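What follows is a single structure, written as structure tokens, with notes after it.
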There are 4 protein chains.
Amino acid sequence: MSSKKVKAAIAGASGYTGSELARLLLAHPDVEIDIITSETHEGRPFSALHPQFRGLLDMPLKPAEAISERDVNVIFLALPHGVSMEFAEKWAQHPARIVDFSGDFRLSSAAHYAKWYKREHTWPGGLGHAVYGLPEIHADAIAKARLVANPGCYPTASILALAPLLAGERILTDTLIVDAKSGLTGAGISPSATSHYSNVNENFRAYGVTNHRHTIEIEEQCGLFSDTRVSVQFTPHLLPVDRGILATAYATPRSDISQAELTDLYTDFYAGKPFVRIREDLPSLKDVRASNFCDIRPVYDARTNRILIFSAIDNLVKGAAGQAVQNMNLMLGLAEITGLLQVPMQP
Amino acid sequence: MSSKKVKAAIAGASGYTGSELARLLLAHPDVEIDIITSETHEGRPFSALHPQFRGLLDMPLKPAEAISERDVNVIFLALPHGVSMEFAEKWAQHPARIVDFSGDFRLSSAAHYAKWYKREHTWPGGLGHAVYGLPEIHADAIAKARLVANPGCYPTASILALAPLLAGERILTDTLIVDAKSGLTGAGISPSATSHYSNVNENFRAYGVTNHRHTIEIEEQCGLFSDTRVSVQFTPHLLPVDRGILATAYATPRSDISQAELTDLYTDFYAGKPFVRIREDLPSLKDVRASNFCDIRPVYDARTNRILIFSAIDNLVKGAAGQAVQNMNLMLGLAEITGLLQVPMQP
Amino acid sequence: MSSKKVKAAIAGASGYTGSELARLLLAHPDVEIDIITSETHEGRPFSALHPQFRGLLDMPLKPAEAISERDVNVIFLALPHGVSMEFAEKWAQHPARIVDFSGDFRLSSAAHYAKWYKREHTWPGGLGHAVYGLPEIHADAIAKARLVANPGCYPTASILALAPLLAGERILTDTLIVDAKSGLTGAGISPSATSHYSNVNENFRAYGVTNHRHTIEIEEQCGLFSDTRVSVQFTPHLLPVDRGILATAYATPRSDISQAELTDLYTDFYAGKPFVRIREDLPSLKDVRASNFCDIRPVYDARTNRILIFSAIDNLVKGAAGQAVQNMNLMLGLAEITGLLQVPMQP
Amino acid sequence: MSSKKVKAAIAGASGYTGSELARLLLAHPDVEIDIITSETHEGRPFSALHPQFRGLLDMPLKPAEAISERDVNVIFLALPHGVSMEFAEKWAQHPARIVDFSGDFRLSSAAHYAKWYKREHTWPGGLGHAVYGLPEIHADAIAKARLVANPGCYPTASILALAPLLAGERILTDTLIVDAKSGLTGAGISPSATSHYSNVNENFRAYGVTNHRHTIEIEEQCGLFSDTRVSVQFTPHLLPVDRGILATAYATPRSDISQAELTDLYTDFYAGKPFVRIREDLPSLKDVRASNFCDIRPVYDARTNRILIFSAIDNLVKGAAGQAVQNMNLMLGLAEITGLLQVPMQP
């Protein structure tokens with residue numbers, strides 16, 4: 001490959017976000033994967049963990065430590081909460097830009113982190129210079145950032161659904177409800193009762209009601225648009241599908257609004273944003289599956305005087321690995337869409 | 001069979017509610033199926049339409065007209081909207097009790113019917129003496145009724161979720177939101193783009209937003225508990241499962257409430273109601289699948305001062321055929337639970 | 001309940017076969033569940049493990065040891081291979097009849113057991129007096145047995161598919177192939193990579209190729225019908241469904257045969273057997289789901305001179321708990337069908 | 001776009017193969033889609049039929065007739081059997097190469113076509129110069145062909161599974177059985193009882209037993225490797241998944257063979273074929289989903305002296321649109337892999 005290509009390191013090979021990132025980077029014209037790490041599976045080929053990569057990505061896995069000595073331009077941390085912050089601090093002086101998939105750098109303060117993640121933050125200083133990596137909102141800051149906190153999957157769908165209303169000061173900020181539904185991959189690759197096939201298949205239920213960690217992430221980011229405190233009722237549910245999040249959001253308008261105004265508000269807000277598609281019909285998961293798109297449909301119900309917003313993403317792409325690549329593109333001066341315009345996979 | 005058994009007629013054999021009703025009646029110790037009708041499939045055995053009944057229910061299908069001459073005790077109308085009202089009027093003088101599965105007799109007025117069903121009611125007089133067949137609320141009236149309007153599937157899950165709060169005057173009646181999710185059988189047995197496997201499988205979306213017919217049914221029934229007008233934001237979604245509805249309802253309390261008070265409110269309201277189970281954890285679809293149970297979990301979120309209610313039913317049983325049998329039991333003086341205590345099917 | 005009811009003990013509460021057995025016994029008019037055991041969950045209510053039983057079966061779980069002192073008529077061992085044989089031996093003198101769900105007593109010899117189960121049999125003497133509990137073949141012996149080895153799920157579907165051809169000496173016994181497909185519950189309730197939702201959903205693969213334990217069980221039972229050695233190529237596959245097995249069997253006829261002769265052969269062989277339904281079309285999993293039926297369709301392909309047999313069961317019912325109840329009925333002198341004529345659940 | 005790009009016409013926009021082809025061509029670096037046709041939807045944007053293409057492929061649909069006047073290099077016929085042959089004949093003098101997705105040009109003779117497709121072939125002359133488009137077998141002929149008959153999905157998986165054994169004369173040619181399982185998209189996009197969600201979901205069954213059209217296609221192509229007549233028992237089944245075919249093939253060896261010889265036979269036969277991956281473990285559908293790979297695992301069972309071959313493809317990619325692009329690459333002198341090395345989508 002050309003020496004001009006971006007060299008990427010992936011720390012954390014065994015999970016779904018790591019494999020999805022590898023899938024996207026292999027399709028990226030300007031990137032080559034330099035190193036992938038796993039402590040547990042050191043020495044084994046990446047494709048031994050993920051057979052779909054057989055013949056496409058067979059490089060042996062290294063310990064994370066090995067990244068320190070690699071001349072890479074970007075490091076993706078596809079690691080669990082708590083582990084990420086150790087490596088982010090360790091590599092703070094590494095010339096590579098860092099995109100962290102975990103929740104370790106998404107919140108504004110160590111106090112919020114301790115409260116919602118039930119553990120102390122080990123590098124509070126990192127919180128200060130990390131940039132929240134939602135490119136539709138923070139593109140400029142992302143471009144300059146050395147450490148980007150890749151947003152959570154639910155927050156991505158939720159914030160993109162609510163931002164135009166909040167930025168336009170069109171809703172009462174204590175009426176926000178996000179009733180969200182996610183595919184099982186959001187729960188990760190580890191076997192558990194939660195992920196047992198017969199507990200998910202033909203089934204549906206809520207979980208994390210009133211206390212899911214993504215609540216504070218959504219509230220903090222939504223709060224950036226508003227002078228008044230933003231309160232969000234966030235209710236996640238588990239769908240019997242592999243991929244996808246549909247967020248159904250509800251809010252009460254501050255003053256009169258029409259469907260036409262509402263549609264214009266969204267269209268204008270996301271003008272020039274290549275991955276947000278404002279729909280005139282209701283989006284479904286398969287309209288965005290395996291792609292970096294977020295499809296949004298805002299609806300005004302005159303009968304109840306309420307605004308509903310439907311927002312669909314693929315949790316592993318726009319909700320994780322795709323957004324990470326989008327952030328990388330911005331950080332490294334590449335065109336935002338590079339390597340990310342795959343057609344959603346339907347059927 | 002004994003001549004003491006209740007003789008039942010099923011008008012409408014080809015759909016899911018007809019076959020589910022037949023399944024339940026075959027398991028009912030005090031009922032025998034006397035006649036099943038289908039205009040389209042007249043003369044064919046019932047089991048030719050539904051192979052699972054091979055050897056169990058092979059009786060030939062008759063035209064609906066044939067019911068008029070049968071000495072049956074109960075007639076179930078498993079017919080489409082619009083067709084049901086013709087037969088209900090026709091058989092008004094038949095000595096049999098009638099349970100209608102359609103929406104034709106659920107609303108309070110012909111005006112509401114015309115507005116939400118987009119057709120004129122052909123027997124407005126029937127609306128007056130039909131009883132809404134939700135036994136947990138209207139058991140006494142059902143017992144005396146000659147014509148029972150079996151509730152819609154979504155309204156069953158929604159009204160049972162909200163009734164204790166409304167009856168107890170604990171919530172602001174203009175803050176009600178029901179975000180509901182249903183399995184595909186709610187859309188019926190007819191092939192269409194909606195029911196095509198690859199449009200449902202691995203997919204999820206909302207539909208009928210702001211204008212689904214069940215909205216008015218929920219609002220009317222909820223309104224019976226309240227002096228003030230009850231407004232409901234009802235948003236149905238289509239789940240990639242065969243059976244089941246989970247309704248997630250939101251409301252703002254009128255005054256202070258605690259989780260303990262909330263749990264007591266529900267426990268007390270449904271004391272002695274054999275098919276409502278107040279849960280201490282969150283219900284899932286498979287907890288009630290293939291059964292007549294409605295599992296409910298109310299949650300108070302002190303952080304947002306909002307009440308959430310999770311309500312799960314099987315749309316074909318408690319949301320249709322099971323509830324119809326429960327109504328029949330009440331109408332004919334049988335014990336309410338007779339033939340209806342099947343264990344939910346998990347896995 | 002009446003003292004005349006059969007008292008049943010279930011050893012092993014936590015798995016799918018235990019909960020399915022409880023579901024069926026609750027629907028059985030002549031049985032009451034006296035005790036259910038679990039070492040791991042001792043003291044917890046059965047419904048804490050299986051929420052669908054809330055309000056229906058809340059009895060606390062006991063240690064298996066407690067069965068020894070109970071005056072029960074039948075003991076069901078829903079235990080793992082290796083554990084069952086210990087309890088079967090322990091309770092050999094208990095007056096109760098025993099139905100064992102495991103593979104410990106299905107084979108003819110300790111040598112076969114050691115070879116295919118990779119462990120020594122601890123009670124070889126038990127193999128001698130255990131009866132293989134396939135009622136369509138061994139009803140008389142089952143009626144007299146004290147210890148019945150409930151057949152494996154794949155063997156049930158496979159043997160019932162092949163028995164008429166072997167008994168009638170219509171096929172070459174070295175040409176048998178059984179290409180079988182099973183739902184995930186066959187793999188059990190324990191979380192593992194195998195049962196992880198995203199490894200099963202939208203997926204399909206073979207497993208246990210050439211060496212699955214059920215191979216020898218099928219060969220031994222099929223061998224009972226034949227003077228020549230019966231060899232079976234058995235290939236299991238994992239379906240993305242909860243329940244059901246479809247076995248597609250292939251064999252070469254020994255001499256000329258027609259479709260009519262083939263159909264007659266099966267119809268005659270299973271005359272009077274209430275749970276085998278010879279179909280004139282191809283059976284599907286949902287035609288038998290949640291029921292004790294085995295639907296079979298034999299096909300003669302004149303073009304290739306080969307016989308194909310399609311056989312469908314629910315692996316948890318006819319392939320486990322339902323067959324166990326059928327065996328219990330025979331052992332205790334009840335009508336074979338008692339409590340087992342549920343309509344298959346479709347949809 | 002550059003004028004040097006290949007210009008492609010897609011005749012037939014509404015089905016799954018048309019949309020899958022569009023998805024792949026949009027990702028192809030050397031192709032631009034010049035025209036897409038649909039008689040039914042003329043004038044509507046392509047993305048109105050397939051919302052996942054919103055913003056990616058919104059070009060208006062034209063009547064098929066319009067292709068005649070376009071200066072395109074390749075025409076893909078994604079049309080039904082019977083319709084394709086009319087257009088193939090019509091455009092026989094068009095300078096563009098033609099790849100036909102239908103079965104109209106796959107067979108060797110009009111007689112076979114009439115027998116298996118139950119209709120007369122309207123352009124028997126076309127059969128003579130059409131080339132069967134399985135690149136792993138017929139790459140040279142494809143490169144020179146003007147009309148390529150893109151293989152059926154089942155035949156692709158089946159022929160690739162059997163070819164090494166037949167070419168090496170290692171098996172008895174009257175012992176071949178292919179027990180195949182396909183996802184629902186193989187049945188097409190039209191709503192029907194077959195494709196109704198609740199008939200597919202949680203279900204499984206065989207269909208087309210003894211007389212599926214792909215039987216003759218497999219037999220003819222397999223016959224090219226053998227002097228003796230090749231007979232194939234082909235049994236398709238319908239899986240509750242969107243995409244994928246797993247073929248399980250059985251054959252009896254002609255003489256002694258070992259697992260090592262078998263593996264070598266396959267490895268050697270497919271050396272240099274970029275889309276066939278010989279596996280050392282059993283392939284699953286998700287190992288190849290959304291990709292052009294065919295993963296194959298041959299197994300020798302010494303106990304039964306039989307060879308088993310497991311072969312997995314995505315029916316819409318290697319079984320249809322991907323293989324069509326691979327054929328196009330060969331026909332137009334592009335590298336065979338161009339635009340086709342996507343990583344399979346798991347999960």
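Following the order of the structure tokens, first chain is A, next is B, and so on, with residues numbered from 1 inside each chain and ligands from 1 in the order they appear.
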Do me a favour and pick out the residues of chain A within 7 Å of chain D, using only C-alpha atoms, as JSON, numbers by chain.
-> {"A": [23, 51, 52, 53, 242, 287, 288, 343, 344, 346, 347]}
For the residues in the current selection, export N, CA and C atoms as a PDB file, in the first residue's frame.
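Done, and the output landed in result-v3.pdb:
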ATOM      1  N   ARG A  23     -14.113  -3.714   9.397  1.00  0.00           N
ATOM      2  CA  ARG A  23     -14.872  -3.832   8.144  1.00  0.00           C
ATOM      3  C   ARG A  23     -14.884  -2.501   7.394  1.00  0.00           C
ATOM      4  N   PRO A  51     -14.585 -15.094  11.676  1.00  0.00           N
ATOM      5  CA  PRO A  51     -14.318 -15.862  10.458  1.00  0.00           C
ATOM      6  C   PRO A  51     -14.713 -15.148   9.160  1.00  0.00           C
ATOM      7  N   GLN A  52     -15.599 -14.162   9.259  1.00  0.00           N
ATOM      8  CA  GLN A  52     -15.977 -13.459   8.037  1.00  0.00           C
ATOM      9  C   GLN A  52     -14.786 -12.742   7.402  1.00  0.00           C
ATOM     10  N   PHE A  53     -13.717 -12.498   8.173  1.00  0.00           N
ATOM     11  CA  PHE A  53     -12.537 -11.798   7.655  1.00  0.00           C
ATOM     12  C   PHE A  53     -11.503 -12.738   7.022  1.00  0.00           C
ATOM     13  N   ASP A 242     -30.420  -7.817  15.164  1.00  0.00           N
ATOM     14  CA  ASP A 242     -28.993  -7.643  15.433  1.00  0.00           C
ATOM     15  C   ASP A 242     -28.612  -6.175  15.569  1.00  0.00           C
ATOM     16  N   ASP A 287     -33.737   0.872   6.569  1.00  0.00           N
ATOM     17  CA  ASP A 287     -33.415   2.004   5.688  1.00  0.00           C
ATOM     18  C   ASP A 287     -32.000   2.517   5.934  1.00  0.00           C
ATOM     19  N   VAL A 288     -31.434   2.183   7.093  1.00  0.00           N
ATOM     20  CA  VAL A 288     -30.104   2.700   7.445  1.00  0.00           C
ATOM     21  C   VAL A 288     -29.123   1.595   7.823  1.00  0.00           C
ATOM     22  N   VAL A 343     -24.391   1.869   0.657  1.00  0.00           N
ATOM     23  CA  VAL A 343     -25.855   1.796   0.623  1.00  0.00           C
ATOM     24  C   VAL A 343     -26.332   0.935   1.791  1.00  0.00           C
ATOM     25  N   PRO A 344     -27.323   1.408   2.527  1.00  0.00           N
ATOM     26  CA  PRO A 344     -27.881   0.586   3.612  1.00  0.00           C
ATOM     27  C   PRO A 344     -28.320  -0.789   3.088  1.00  0.00           C
ATOM     28  N   GLN A 346     -30.693  -3.503   2.734  1.00  0.00           N
ATOM     29  CA  GLN A 346     -32.078  -3.974   2.799  1.00  0.00           C
ATOM     30  C   GLN A 346     -32.331  -4.821   1.569  1.00  0.00           C
ATOM     31  N   PRO A 347     -32.739  -6.010   1.558  1.00  0.00           N
ATOM     32  CA  PRO A 347     -33.153  -6.764   2.757  1.00  0.00           C
ATOM     33  C   PRO A 347     -31.916  -7.373   3.441  1.00  0.00           C
TER      34      PRO A 347
END
Show which residues sit within 9 Å of Asn150 (chain D), as an MDAnalysis selection string. Count only C-alpha atoms, and ignore same-chain residues fewer than 5 positions away.
-> chainID D and resid 99:103 105:106 131:134 319:321 323:324 327
Writer output for current selection, all heavy atoms, as a CSV table (one decimal), in the first residue's frame:
chain,number,residue,atom,x,y,z
D,99,VAL,N,-25.8,-9.5,-19.2
D,99,VAL,CA,-25.8,-10.5,-18.2
D,99,VAL,C,-27.3,-10.7,-17.8
D,99,VAL,O,-27.9,-9.8,-17.3
D,99,VAL,CB,-25.0,-10.1,-17.0
D,99,VAL,CG1,-25.0,-11.1,-15.9
D,99,VAL,CG2,-23.5,-9.8,-17.4
D,100,ASP,N,-27.8,-11.9,-17.9
D,100,ASP,CA,-29.2,-12.2,-17.6
D,100,ASP,C,-29.3,-12.9,-16.3
D,100,ASP,O,-28.7,-14.0,-16.1
D,100,ASP,CB,-29.7,-13.1,-18.8
D,100,ASP,CG,-31.2,-13.5,-18.5
D,100,ASP,OD1,-31.9,-12.7,-17.8
D,100,ASP,OD2,-31.6,-14.6,-19.0
D,101,PHE,N,-30.1,-12.4,-15.4
D,101,PHE,CA,-30.3,-13.0,-14.1
D,101,PHE,C,-31.3,-14.2,-14.1
D,101,PHE,O,-31.4,-14.9,-13.2
D,101,PHE,CB,-30.8,-12.0,-13.1
D,101,PHE,CG,-29.8,-11.0,-12.6
D,101,PHE,CD1,-29.1,-10.1,-13.4
D,101,PHE,CD2,-29.5,-11.0,-11.2
D,101,PHE,CE1,-28.2,-9.2,-12.9
D,101,PHE,CE2,-28.6,-10.1,-10.7
D,101,PHE,CZ,-27.9,-9.2,-11.6
D,102,SER,N,-32.1,-14.3,-15.2
D,102,SER,CA,-33.2,-15.3,-15.2
D,102,SER,C,-32.7,-16.7,-15.5
D,102,SER,O,-31.5,-16.8,-15.8
D,102,SER,CB,-34.3,-14.8,-16.1
D,102,SER,OG,-34.0,-15.3,-17.4
D,103,GLY,N,-33.6,-17.6,-15.5
D,103,GLY,CA,-33.2,-19.0,-15.9
D,103,GLY,C,-33.3,-19.2,-17.4
D,103,GLY,O,-33.1,-20.3,-17.9
D,105,PHE,N,-31.5,-18.7,-20.1
D,105,PHE,CA,-30.4,-19.1,-20.9
D,105,PHE,C,-29.4,-20.0,-20.1
D,105,PHE,O,-28.3,-20.2,-20.5
D,105,PHE,CB,-29.7,-17.9,-21.5
D,105,PHE,CG,-30.5,-17.1,-22.4
D,105,PHE,CD1,-31.2,-15.9,-21.9
D,105,PHE,CD2,-30.8,-17.5,-23.7
D,105,PHE,CE1,-32.0,-15.2,-22.7
D,105,PHE,CE2,-31.6,-16.8,-24.5
D,105,PHE,CZ,-32.3,-15.6,-24.0
D,106,ARG,N,-29.9,-20.6,-19.1
D,106,ARG,CA,-28.9,-21.4,-18.3
D,106,ARG,C,-28.9,-22.9,-18.7
D,106,ARG,O,-27.9,-23.6,-18.5
D,106,ARG,CB,-29.4,-21.4,-16.8
D,106,ARG,CG,-29.3,-20.1,-16.1
D,106,ARG,CD,-29.8,-20.2,-14.7
D,106,ARG,NE,-30.0,-18.9,-14.1
D,106,ARG,CZ,-30.8,-18.7,-13.1
D,106,ARG,NH1,-31.5,-19.7,-12.6
D,106,ARG,NH2,-31.0,-17.5,-12.6
D,131,VAL,N,-23.3,-18.1,-22.4
D,131,VAL,CA,-22.4,-18.8,-21.6
D,131,VAL,C,-22.9,-18.9,-20.2
D,131,VAL,O,-23.4,-17.9,-19.7
D,131,VAL,CB,-21.0,-18.1,-21.7
D,131,VAL,CG1,-20.0,-18.7,-20.7
D,131,VAL,CG2,-20.4,-18.2,-23.1
D,132,TYR,N,-22.7,-20.0,-19.5
D,132,TYR,CA,-23.1,-20.2,-18.2
D,132,TYR,C,-22.1,-19.5,-17.3
D,132,TYR,O,-20.9,-19.8,-17.2
D,132,TYR,CB,-23.2,-21.7,-17.8
D,132,TYR,CG,-23.9,-21.9,-16.5
D,132,TYR,CD1,-25.2,-21.8,-16.3
D,132,TYR,CD2,-23.1,-22.3,-15.3
D,132,TYR,CE1,-25.8,-22.1,-15.1
D,132,TYR,CE2,-23.7,-22.5,-14.1
D,132,TYR,CZ,-25.1,-22.4,-14.0
D,132,TYR,OH,-25.7,-22.7,-12.8
D,133,GLY,N,-22.6,-18.5,-16.5
D,133,GLY,CA,-21.7,-17.5,-15.9
D,133,GLY,C,-21.3,-17.9,-14.5
D,133,GLY,O,-21.4,-17.1,-13.6
D,134,LEU,N,-20.7,-19.0,-14.4
D,134,LEU,CA,-20.0,-19.4,-13.1
D,134,LEU,C,-18.5,-19.2,-13.3
D,134,LEU,O,-17.9,-20.1,-13.8
D,134,LEU,CB,-20.4,-20.9,-12.7
D,134,LEU,CG,-20.1,-21.3,-11.3
D,134,LEU,CD1,-20.7,-20.4,-10.3
D,134,LEU,CD2,-20.6,-22.7,-11.1
D,319,GLY,N,-24.9,-15.5,-5.2
D,319,GLY,CA,-26.0,-16.2,-5.9
D,319,GLY,C,-26.8,-15.4,-6.9
D,319,GLY,O,-27.8,-15.8,-7.5
D,320,ALA,N,-26.4,-14.1,-7.1
D,320,ALA,CA,-27.1,-13.3,-8.0
D,320,ALA,C,-26.3,-12.0,-8.4
D,320,ALA,O,-25.5,-12.1,-9.4
D,320,ALA,CB,-28.5,-12.8,-7.5
D,321,ALA,N,-26.5,-10.9,-7.7
D,321,ALA,CA,-25.9,-9.6,-8.2
D,321,ALA,C,-24.4,-9.6,-8.1
D,321,ALA,O,-23.8,-9.0,-9.0
D,321,ALA,CB,-26.5,-8.5,-7.4
D,323,GLN,N,-22.3,-12.1,-8.4
D,323,GLN,CA,-21.8,-13.0,-9.4
D,323,GLN,C,-22.0,-12.3,-10.8
D,323,GLN,O,-21.1,-12.4,-11.7
D,323,GLN,CB,-22.5,-14.3,-9.4
D,323,GLN,CG,-21.9,-15.3,-10.4
D,323,GLN,CD,-21.9,-16.7,-9.8
D,323,GLN,OE1,-21.0,-17.1,-9.1
D,323,GLN,NE2,-23.0,-17.4,-10.0
D,324,ALA,N,-23.0,-11.5,-10.9
D,324,ALA,CA,-23.2,-10.8,-12.2
D,324,ALA,C,-22.2,-9.7,-12.4
D,324,ALA,O,-21.7,-9.5,-13.5
D,324,ALA,CB,-24.6,-10.1,-12.2
D,327,ASN,N,-19.0,-11.5,-13.3
D,327,ASN,CA,-19.1,-11.8,-14.8
D,327,ASN,C,-18.8,-10.5,-15.6
D,327,ASN,O,-18.1,-10.6,-16.6
D,327,ASN,CB,-20.5,-12.4,-15.1
D,327,ASN,CG,-20.6,-13.8,-14.8
D,327,ASN,OD1,-19.6,-14.6,-15.0
D,327,ASN,ND2,-21.7,-14.2,-14.2
Helix (DSSP H, G or I) residues, from DSSP on the backbone, in region 101-165 of chain C, as a PyMOL selection string = chain C and resi 110-117+124-129+135-144+153-165
Now that the selection is made, can you save its residues with C-alpha atoms as a short mmCIF file (atom, residue, chain, number, x, y, z; two decimals), in the first residue's frame?
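As written to disk, result_12.cif reads:
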data_model
loop_
_atom_site.label_atom_id
_atom_site.label_comp_id
_atom_site.auth_asym_id
_atom_site.auth_seq_id
_atom_site.Cartn_x
_atom_site.Cartn_y
_atom_site.Cartn_z
CA ALA C 110 -22.04 -49.37 28.49
CA ALA C 111 -19.47 -49.70 25.74
CA HIS C 112 -21.54 -47.68 23.28
CA TYR C 113 -22.22 -45.16 26.03
CA ALA C 114 -18.54 -44.76 26.83
CA LYS C 115 -17.64 -44.39 23.17
CA TRP C 116 -20.23 -41.79 22.24
CA TYR C 117 -20.65 -39.93 25.53
CA PRO C 124 -24.45 -50.41 33.65
CA GLY C 125 -27.05 -52.63 35.29
CA GLY C 126 -29.61 -49.90 34.76
CA LEU C 127 -29.16 -50.07 31.00
CA GLY C 128 -30.55 -53.59 31.06
CA HIS C 129 -33.94 -52.88 32.52
CA PRO C 135 -44.40 -45.06 22.58
CA GLU C 136 -45.21 -45.50 18.90
CA ILE C 137 -42.72 -48.39 18.87
CA HIS C 138 -42.44 -49.70 22.42
CA ALA C 139 -45.79 -49.00 24.08
CA ASP C 140 -46.18 -52.39 25.72
CA ALA C 141 -42.73 -52.41 27.25
CA ILE C 142 -43.13 -48.84 28.41
CA ALA C 143 -46.37 -49.70 30.19
CA LYS C 144 -44.52 -52.23 32.31
CA CYS C 153 -35.20 -35.03 20.19
CA TYR C 154 -33.41 -35.81 16.93
CA PRO C 155 -33.87 -39.58 17.37
CA THR C 156 -37.61 -39.11 17.92
CA ALA C 157 -38.02 -37.28 14.62
CA SER C 158 -35.60 -39.59 12.82
CA ILE C 159 -36.76 -42.98 14.05
CA LEU C 160 -40.43 -42.17 13.47
CA ALA C 161 -39.47 -41.12 9.94
CA LEU C 162 -37.60 -44.33 9.16
CA ALA C 163 -39.37 -47.04 11.16
CA PRO C 164 -42.08 -47.96 8.61
CA LEU C 165 -39.51 -48.40 5.85
#
Find the spatial neighbours of Arg70 (chain A), counting only C-alpha atoms, within a cut-off of 10 Å - ignore same-chain residues fewer than 5 positions away - and output them as a list in words.
-> Lys7, Ala8, Ala9, Asp34, Ile35, Glu65, His94 and Ala96 of chain A
Output for the residues just chosen: N, CA and C atoms as a short mmCIF file (atom, residue, chain, number, x, y, z; two decimals), in the first residue's frame:
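Saved the output as result-v1.cif:
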data_model
loop_
_atom_site.label_atom_id
_atom_site.label_comp_id
_atom_site.auth_asym_id
_atom_site.auth_seq_id
_atom_site.Cartn_x
_atom_site.Cartn_y
_atom_site.Cartn_z
N LYS A 7 -2.28 5.48 8.74
CA LYS A 7 -2.06 4.22 9.45
C LYS A 7 -2.89 4.21 10.72
N ALA A 8 -3.67 3.16 10.85
CA ALA A 8 -4.61 3.10 11.96
C ALA A 8 -4.29 1.94 12.89
N ALA A 9 -4.48 2.18 14.18
CA ALA A 9 -4.38 1.13 15.20
C ALA A 9 -5.76 0.91 15.80
N ASP A 34 -2.79 -0.81 10.61
CA ASP A 34 -1.39 -1.12 10.92
C ASP A 34 -1.27 -2.18 12.00
N ILE A 35 -2.18 -2.13 12.97
CA ILE A 35 -2.07 -3.04 14.11
C ILE A 35 -3.46 -3.19 14.76
N GLU A 65 0.00 -2.79 24.36
CA GLU A 65 1.29 -2.13 24.60
C GLU A 65 2.05 -1.86 23.30
N HIS A 94 1.39 10.42 22.61
CA HIS A 94 1.62 9.77 21.30
C HIS A 94 1.15 10.75 20.22
N ALA A 96 -0.31 10.25 17.59
CA ALA A 96 -1.57 9.86 16.93
C ALA A 96 -2.78 10.53 17.56
#
Quick one: pull the distance between CA of Glu89 (chain B) and CA of His28 (chain B), Å, one decimal.
->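 Computing it gives 27.8 Å between the two atoms.
Between Asp174 (chain C) and the candidates C:Thr210, C:Thr252, C:Thr215, C:Ser190, the tightest atom-to-atom separation, counting only C-alpha atoms, involves C:Thr252.
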Could you give me the residues within region 34-260 of chain B that DSSP places in strand (DSSP E), as a ChimeraX atom specification?
-> /B:34-37,74-77,97-100,131-132,147-149,176-182,205-206,232-238,245-251
